[in-house]
>>> print(open('work10.cif').read())   # mmCIF, N, CA and C atoms and all ligand atoms
data_target
#
loop_
_atom_site.label_atom_id
_atom_site.label_comp_id
_atom_site.auth_asym_id
_atom_site.auth_seq_id
_atom_site.Cartn_x
_atom_site.Cartn_y
_atom_site.Cartn_z
N MET A 1148 -2.40 -2.14 -3.17
CA MET A 1148 -1.35 -2.96 -2.60
C MET A 1148 -1.82 -4.39 -2.56
N SER A 1149 -1.95 -4.88 -1.36
CA SER A 1149 -2.06 -6.31 -1.16
C SER A 1149 -3.49 -6.85 -1.25
N ARG A 1150 -3.61 -8.08 -1.71
CA ARG A 1150 -4.88 -8.78 -1.63
C ARG A 1150 -4.78 -9.77 -0.47
N ASP A 1151 -4.24 -9.27 0.64
CA ASP A 1151 -4.03 -10.15 1.78
C ASP A 1151 -5.39 -10.64 2.28
N SER A 1152 -5.58 -11.94 2.27
CA SER A 1152 -6.88 -12.50 2.58
C SER A 1152 -7.35 -12.20 4.00
N GLU A 1153 -6.42 -11.94 4.90
CA GLU A 1153 -6.83 -11.71 6.27
C GLU A 1153 -6.85 -10.23 6.65
N PHE A 1154 -6.28 -9.41 5.82
CA PHE A 1154 -6.36 -7.98 6.07
C PHE A 1154 -7.45 -7.45 5.15
N ASP A 1155 -8.32 -6.61 5.69
CA ASP A 1155 -9.48 -6.19 4.94
C ASP A 1155 -9.12 -5.09 3.92
N CYS A 1156 -8.41 -5.49 2.89
CA CYS A 1156 -7.96 -4.56 1.85
C CYS A 1156 -9.09 -4.36 0.84
N THR A 1157 -9.40 -3.10 0.54
CA THR A 1157 -10.48 -2.83 -0.40
C THR A 1157 -10.00 -2.82 -1.86
N LYS A 1158 -8.71 -3.07 -2.04
CA LYS A 1158 -8.09 -3.12 -3.37
C LYS A 1158 -8.24 -1.79 -4.12
N CYS A 1159 -8.16 -0.70 -3.37
CA CYS A 1159 -8.26 0.61 -4.02
C CYS A 1159 -7.00 0.92 -4.83
N GLY A 1160 -5.89 0.27 -4.47
CA GLY A 1160 -4.64 0.44 -5.21
C GLY A 1160 -3.88 1.72 -4.88
N LEU A 1161 -4.39 2.47 -3.91
CA LEU A 1161 -3.73 3.76 -3.62
C LEU A 1161 -2.32 3.61 -3.09
N CYS A 1162 -2.09 2.60 -2.27
CA CYS A 1162 -0.73 2.44 -1.72
C CYS A 1162 0.28 2.11 -2.82
N CYS A 1163 -0.19 1.58 -3.94
CA CYS A 1163 0.70 1.27 -5.07
C CYS A 1163 0.84 2.47 -6.01
N ARG A 1164 0.05 3.51 -5.74
CA ARG A 1164 0.03 4.70 -6.60
C ARG A 1164 0.72 5.91 -5.97
N CYS A 1165 1.19 5.74 -4.76
CA CYS A 1165 1.80 6.91 -4.12
C CYS A 1165 3.14 6.52 -3.53
N LEU A 1166 3.95 5.84 -4.31
CA LEU A 1166 5.25 5.39 -3.82
C LEU A 1166 6.11 6.56 -3.36
N ARG A 1167 5.98 7.68 -4.03
CA ARG A 1167 6.81 8.85 -3.68
C ARG A 1167 6.42 9.47 -2.35
N ASP A 1168 5.17 9.26 -1.96
CA ASP A 1168 4.69 9.88 -0.71
C ASP A 1168 4.96 9.02 0.51
N ASN A 1169 5.47 7.83 0.29
CA ASN A 1169 5.66 6.91 1.41
C ASN A 1169 7.14 6.81 1.78
N PRO A 1170 7.53 7.39 2.93
CA PRO A 1170 8.94 7.39 3.31
C PRO A 1170 9.50 5.98 3.47
N ALA A 1171 8.63 5.00 3.78
CA ALA A 1171 9.09 3.62 4.00
C ALA A 1171 9.59 2.98 2.69
N VAL A 1172 9.23 3.60 1.57
CA VAL A 1172 9.61 3.05 0.26
C VAL A 1172 11.07 3.35 -0.09
N LYS A 1173 11.57 4.41 0.51
CA LYS A 1173 12.94 4.85 0.19
C LYS A 1173 13.96 3.73 0.44
N GLY A 1174 14.77 3.47 -0.58
CA GLY A 1174 15.81 2.45 -0.44
C GLY A 1174 15.33 1.02 -0.66
N THR A 1175 14.04 0.85 -0.97
CA THR A 1175 13.53 -0.50 -1.23
C THR A 1175 13.35 -0.69 -2.74
N LYS A 1176 13.02 -1.93 -3.13
CA LYS A 1176 12.76 -2.25 -4.53
C LYS A 1176 11.69 -1.34 -5.12
N LEU A 1177 10.74 -0.99 -4.27
CA LEU A 1177 9.61 -0.18 -4.78
C LEU A 1177 10.07 1.15 -5.34
N GLU A 1178 11.11 1.70 -4.77
CA GLU A 1178 11.60 2.98 -5.26
C GLU A 1178 12.00 2.85 -6.74
N LYS A 1179 12.61 1.72 -7.08
CA LYS A 1179 13.05 1.50 -8.46
C LYS A 1179 11.87 1.12 -9.37
N TRP A 1180 10.80 0.63 -8.76
CA TRP A 1180 9.65 0.21 -9.56
C TRP A 1180 8.69 1.34 -9.84
N ASP A 1181 9.00 2.55 -9.33
CA ASP A 1181 8.20 3.73 -9.65
C ASP A 1181 8.32 3.98 -11.15
N ARG A 1182 7.20 3.90 -11.86
CA ARG A 1182 7.28 4.02 -13.32
C ARG A 1182 7.48 5.46 -13.80
N GLY A 1183 7.66 6.38 -12.83
CA GLY A 1183 7.97 7.76 -13.19
C GLY A 1183 6.92 8.73 -12.70
N ASP A 1184 5.77 8.19 -12.31
CA ASP A 1184 4.69 9.06 -11.83
C ASP A 1184 4.23 8.67 -10.41
N GLY A 1185 5.08 7.91 -9.73
CA GLY A 1185 4.75 7.50 -8.37
C GLY A 1185 3.97 6.19 -8.31
N VAL A 1186 3.63 5.65 -9.49
CA VAL A 1186 2.84 4.41 -9.53
C VAL A 1186 3.78 3.22 -9.75
N CYS A 1187 3.54 2.15 -9.04
CA CYS A 1187 4.37 0.95 -9.18
C CYS A 1187 4.14 0.30 -10.54
N LYS A 1188 5.21 -0.11 -11.18
CA LYS A 1188 5.08 -0.70 -12.52
C LYS A 1188 4.36 -2.06 -12.48
N HIS A 1189 4.20 -2.62 -11.30
CA HIS A 1189 3.52 -3.92 -11.21
C HIS A 1189 2.01 -3.81 -10.95
N LEU A 1190 1.52 -2.60 -10.83
CA LEU A 1190 0.08 -2.44 -10.60
C LEU A 1190 -0.67 -2.60 -11.93
N THR A 1191 -1.67 -3.46 -11.94
CA THR A 1191 -2.43 -3.68 -13.17
C THR A 1191 -3.57 -2.66 -13.26
N GLU A 1192 -4.22 -2.63 -14.40
CA GLU A 1192 -5.31 -1.66 -14.59
C GLU A 1192 -6.48 -1.88 -13.63
N ASP A 1193 -6.62 -3.12 -13.19
CA ASP A 1193 -7.72 -3.38 -12.24
C ASP A 1193 -7.24 -3.38 -10.79
N ASN A 1194 -6.16 -2.65 -10.54
CA ASN A 1194 -5.65 -2.43 -9.18
C ASN A 1194 -5.14 -3.69 -8.50
N LEU A 1195 -4.67 -4.64 -9.28
CA LEU A 1195 -4.09 -5.83 -8.67
C LEU A 1195 -2.58 -5.81 -8.92
N CYS A 1196 -1.89 -6.69 -8.24
CA CYS A 1196 -0.44 -6.75 -8.36
C CYS A 1196 -0.05 -7.91 -9.27
N ASP A 1197 0.73 -7.63 -10.29
CA ASP A 1197 1.04 -8.71 -11.23
C ASP A 1197 2.18 -9.61 -10.74
N ILE A 1198 2.72 -9.31 -9.57
CA ILE A 1198 3.70 -10.21 -8.95
C ILE A 1198 3.23 -10.56 -7.53
N TYR A 1199 1.94 -10.66 -7.40
CA TYR A 1199 1.35 -10.81 -6.06
C TYR A 1199 2.04 -11.86 -5.19
N GLU A 1200 2.27 -13.04 -5.74
CA GLU A 1200 2.87 -14.11 -4.93
C GLU A 1200 4.31 -13.77 -4.53
N ASP A 1201 4.97 -12.94 -5.31
CA ASP A 1201 6.37 -12.60 -5.04
C ASP A 1201 6.56 -11.14 -4.62
N ARG A 1202 5.47 -10.48 -4.23
CA ARG A 1202 5.58 -9.07 -3.86
C ARG A 1202 6.52 -8.92 -2.66
N PRO A 1203 7.18 -7.76 -2.58
CA PRO A 1203 8.12 -7.57 -1.47
C PRO A 1203 7.43 -7.49 -0.11
N LEU A 1204 8.24 -7.65 0.90
CA LEU A 1204 7.73 -7.66 2.28
C LEU A 1204 6.87 -6.44 2.59
N ILE A 1205 7.33 -5.28 2.16
CA ILE A 1205 6.62 -4.03 2.45
C ILE A 1205 5.18 -4.05 1.93
N CYS A 1206 4.92 -4.87 0.92
CA CYS A 1206 3.57 -4.96 0.33
C CYS A 1206 2.75 -6.10 0.93
N ASN A 1207 3.36 -6.90 1.75
CA ASN A 1207 2.65 -8.06 2.29
C ASN A 1207 2.34 -7.80 3.76
N VAL A 1208 1.12 -7.37 4.00
CA VAL A 1208 0.73 -6.92 5.34
C VAL A 1208 0.99 -7.97 6.41
N ARG A 1209 0.55 -9.16 6.16
CA ARG A 1209 0.67 -10.21 7.18
C ARG A 1209 2.14 -10.61 7.41
N LYS A 1210 2.86 -10.81 6.32
CA LYS A 1210 4.27 -11.21 6.45
C LYS A 1210 5.07 -10.13 7.17
N GLN A 1211 4.76 -8.88 6.84
CA GLN A 1211 5.48 -7.78 7.45
C GLN A 1211 5.24 -7.74 8.97
N TYR A 1212 4.02 -8.10 9.33
CA TYR A 1212 3.72 -8.15 10.78
C TYR A 1212 4.66 -9.14 11.47
N TYR A 1213 4.73 -10.34 10.95
CA TYR A 1213 5.56 -11.36 11.62
C TYR A 1213 7.05 -11.04 11.53
N ALA A 1214 7.46 -10.33 10.49
CA ALA A 1214 8.87 -9.99 10.34
C ALA A 1214 9.29 -8.82 11.24
N LYS A 1215 8.38 -7.86 11.43
CA LYS A 1215 8.81 -6.63 12.10
C LYS A 1215 8.01 -6.19 13.31
N TYR A 1216 6.77 -6.66 13.45
CA TYR A 1216 5.91 -6.08 14.49
C TYR A 1216 5.38 -7.07 15.52
N ALA A 1217 5.57 -8.35 15.29
CA ALA A 1217 4.96 -9.36 16.16
C ALA A 1217 5.38 -9.23 17.62
N ASP A 1218 6.60 -8.73 17.84
CA ASP A 1218 7.06 -8.59 19.22
C ASP A 1218 6.63 -7.25 19.83
N LYS A 1219 5.95 -6.44 19.03
CA LYS A 1219 5.57 -5.10 19.52
C LYS A 1219 4.08 -4.95 19.75
N MET A 1220 3.26 -5.71 19.02
CA MET A 1220 1.81 -5.55 19.14
C MET A 1220 1.10 -6.81 18.64
N SER A 1221 -0.19 -6.89 18.93
CA SER A 1221 -0.96 -8.05 18.45
C SER A 1221 -1.28 -7.85 16.97
N LEU A 1222 -1.64 -8.94 16.31
CA LEU A 1222 -1.99 -8.86 14.89
C LEU A 1222 -3.20 -7.94 14.70
N GLU A 1223 -4.13 -8.03 15.65
CA GLU A 1223 -5.33 -7.19 15.58
C GLU A 1223 -4.96 -5.70 15.65
N GLN A 1224 -4.06 -5.35 16.55
CA GLN A 1224 -3.61 -3.94 16.68
C GLN A 1224 -2.90 -3.50 15.40
N TYR A 1225 -2.10 -4.40 14.87
CA TYR A 1225 -1.35 -4.08 13.64
C TYR A 1225 -2.31 -3.82 12.47
N TYR A 1226 -3.31 -4.68 12.33
CA TYR A 1226 -4.29 -4.49 11.26
C TYR A 1226 -5.03 -3.16 11.44
N GLU A 1227 -5.30 -2.82 12.69
CA GLU A 1227 -5.99 -1.55 12.97
C GLU A 1227 -5.10 -0.38 12.52
N MET A 1228 -3.81 -0.51 12.82
CA MET A 1228 -2.86 0.54 12.42
C MET A 1228 -2.82 0.66 10.89
N GLN A 1229 -2.83 -0.50 10.22
CA GLN A 1229 -2.83 -0.50 8.76
C GLN A 1229 -4.11 0.13 8.21
N ASP A 1230 -5.23 -0.23 8.83
CA ASP A 1230 -6.53 0.34 8.41
C ASP A 1230 -6.50 1.85 8.50
N ASN A 1231 -5.94 2.36 9.60
CA ASN A 1231 -5.86 3.81 9.78
C ASN A 1231 -5.01 4.44 8.70
N ALA A 1232 -3.89 3.77 8.36
CA ALA A 1232 -3.00 4.30 7.31
C ALA A 1232 -3.74 4.34 5.97
N CYS A 1233 -4.52 3.31 5.69
CA CYS A 1233 -5.30 3.27 4.43
C CYS A 1233 -6.32 4.41 4.40
N GLU A 1234 -6.98 4.63 5.54
CA GLU A 1234 -7.98 5.70 5.60
C GLU A 1234 -7.35 7.06 5.36
N ILE A 1235 -6.17 7.29 5.94
CA ILE A 1235 -5.46 8.57 5.75
C ILE A 1235 -5.14 8.74 4.27
N LEU A 1236 -4.67 7.65 3.66
CA LEU A 1236 -4.33 7.68 2.24
C LEU A 1236 -5.56 8.03 1.39
N LYS A 1237 -6.66 7.39 1.70
CA LYS A 1237 -7.90 7.63 0.93
C LYS A 1237 -8.37 9.08 1.09
N LYS A 1238 -8.28 9.60 2.31
CA LYS A 1238 -8.70 10.99 2.55
C LYS A 1238 -7.76 11.96 1.83
N THR A 1239 -6.47 11.65 1.86
CA THR A 1239 -5.49 12.52 1.20
C THR A 1239 -5.77 12.59 -0.29
N PHE A 1240 -6.05 11.41 -0.89
CA PHE A 1240 -6.31 11.41 -2.33
C PHE A 1240 -7.63 12.08 -2.65
N ALA A 1241 -8.63 11.90 -1.78
CA ALA A 1241 -9.92 12.56 -2.01
C ALA A 1241 -9.71 14.07 -1.98
N ALA A 1242 -8.90 14.55 -1.02
CA ALA A 1242 -8.63 15.99 -0.90
C ALA A 1242 -7.89 16.49 -2.14
N ARG A 1243 -6.93 15.70 -2.63
CA ARG A 1243 -6.18 16.11 -3.82
C ARG A 1243 -7.09 16.20 -5.04
N ASN A 1244 -7.98 15.22 -5.19
CA ASN A 1244 -8.90 15.23 -6.33
C ASN A 1244 -9.83 16.43 -6.27
N LYS A 1245 -10.23 16.76 -5.04
CA LYS A 1245 -11.13 17.90 -4.87
C LYS A 1245 -10.40 19.18 -5.30
N GLU A 1246 -9.16 19.26 -4.83
CA GLU A 1246 -8.34 20.43 -5.14
C GLU A 1246 -8.10 20.55 -6.65
N ARG A 1247 -7.76 19.41 -7.29
CA ARG A 1247 -7.40 19.43 -8.71
C ARG A 1247 -8.62 19.51 -9.63
N PHE A 1248 -9.64 18.72 -9.30
CA PHE A 1248 -10.75 18.57 -10.23
C PHE A 1248 -12.09 19.08 -9.70
N GLY A 1249 -12.08 19.55 -8.43
CA GLY A 1249 -13.33 20.04 -7.84
C GLY A 1249 -14.33 18.93 -7.62
N LEU A 1250 -13.83 17.67 -7.44
CA LEU A 1250 -14.74 16.53 -7.28
C LEU A 1250 -15.28 16.45 -5.85
S1 LIG B 1 -4.44 1.55 0.39
FE1 LIG B 1 -5.06 -0.04 1.81
S2 LIG B 1 -7.08 -0.66 1.08
FE2 LIG B 1 -6.06 0.41 -0.61
S3 LIG B 1 -5.05 -1.23 -1.77
FE3 LIG B 1 -3.58 -0.42 -0.29
S4 LIG B 1 -3.75 -1.82 1.48
FE4 LIG B 1 -5.58 -2.07 0.23
S1 LIG B 2 4.73 -4.75 -5.93
FE1 LIG B 2 2.57 -5.11 -6.17
S2 LIG B 2 1.67 -4.74 -4.14
FE2 LIG B 2 3.72 -3.83 -4.19
S3 LIG B 2 3.43 -1.65 -4.77
FE3 LIG B 2 3.83 -2.84 -6.64
S4 LIG B 2 1.79 -3.39 -7.40
FE4 LIG B 2 1.57 -2.78 -5.28
#
>>> encode(input="work10.cif", output="structure tokens")
Amino acid sequence: MSRDSEFDCTKCGLCCRCLRDNPAVKGTKLEKWDRGDGVCKHLTEDNLCDIYEDRPLICNVRKQYYAKYADKMSLEQYYEMQDNACEILKKTFAARNKERFGL
């Protein structure tokens, strides 16, 4: 997903590879950008976004905070919530790889 300079994104690209698994994607541009296998058509081979400056709100961690969460929690709490979501995603994919490939 994002190369948000203030959110500690590891650029694993998983959030851009599991559009179908994310209920928040439904009805957004991202749903149409699914290239057919759950991967966003804007994800490059090196896990970057080829429309980074113009990526939608859902992909912009910081902007999304100010648009939707600023009145509900601090930026620090929001980043923590995002970090947890990334960790769940990473564990889910690790489990899937283990199941599929025995890795
Ligand atoms: S899953 Fe999280 S760490 Fe990985 S690219 Fe997306 S925002 Fe960054
Ligand atoms: S638009 Fe960019 S940041 Fe958003 S899912 Fe696609 S590749 Fe990832």
>>> select_by_dssp(input="work10.cif", residues="segment 1148-1234 of chain A", states="strand (DSSP E or B)", output="JSON, numbers by chain")
{"A": [1181, 1187, 1190, 1196]}
>>> write_last_selection(input="work10.cif", atoms="N, CA and C atoms", output="CSV table (one decimal), in the frame of the given file")
chain,number,residue,atom,x,y,z
A,1181,ASP,N,9.0,2.6,-9.3
A,1181,ASP,CA,8.2,3.7,-9.6
A,1181,ASP,C,8.3,4.0,-11.2
A,1187,CYS,N,3.5,2.2,-9.0
A,1187,CYS,CA,4.4,1.0,-9.2
A,1187,CYS,C,4.1,0.3,-10.5
A,1190,LEU,N,1.5,-2.6,-10.8
A,1190,LEU,CA,0.1,-2.4,-10.6
A,1190,LEU,C,-0.7,-2.6,-11.9
A,1196,CYS,N,-1.9,-6.7,-8.2
A,1196,CYS,CA,-0.4,-6.8,-8.4
A,1196,CYS,C,0.0,-7.9,-9.3
>>> residues_around(input="work10.cif", residues="segment 1187-1199 of chain A", least_positions_apart="5", cutoff="6.5 Å", atoms="all atoms listed in the file", output="VMD selection string")
chain A and resid 1148 1158 to 1160 1163 to 1166 1180 to 1182
>>> atom_distance(input="work10.cif", atom1="atom CA of Ala1241 of chain A", atom2="atom N of Thr1175 of chain A")
26.7 Å
>>> atom_distance(input="work10.cif", atom1="atom N of Tyr1213 of chain A", atom2="atom C of Tyr1225 of chain A")
9.7 Å
>>> closest_residue(input="work10.cif", among="A:Glu1223, A:Glu1200, A:Glu1234, A:Glu1153", to="ligand LIG 2 (chain B)", atoms="all atoms listed in the file")
A:Glu1200
>>> closest_residue(input="work10.cif", among="A:Lys1245, A:Val1186, A:Val1208, A:Lys1173", to="Ala1232 of chain A", atoms="only C-alpha atoms")
A:Val1208
>>> closest_residue(input="work10.cif", among="A:Lys1238, A:Cys1162, A:Asp1218, A:Phe1154", to="ligand LIG 1 (chain B)", atoms="all atoms listed in the file")
A:Cys1162
>>> atom_distance(input="work10.cif", atom1="atom C of Ala1171 of chain A", atom2="atom C of Asn1244 of chain A")
25.3 Å
>>> closest_residue(input="work10.cif", among="A:Asp1168, A:Glu1178, A:Asp1230, A:Asp1184", to="ligand LIG 1 (chain B)", atoms="all atoms listed in the file")
A:Asp1230
>>> select_by_dssp(input="work10.cif", residues="chain A", states="alpha helix (DSSP H)", output="PyMOL selection string")
chain A and resi 1176-1180+1208-1211+1222-1248
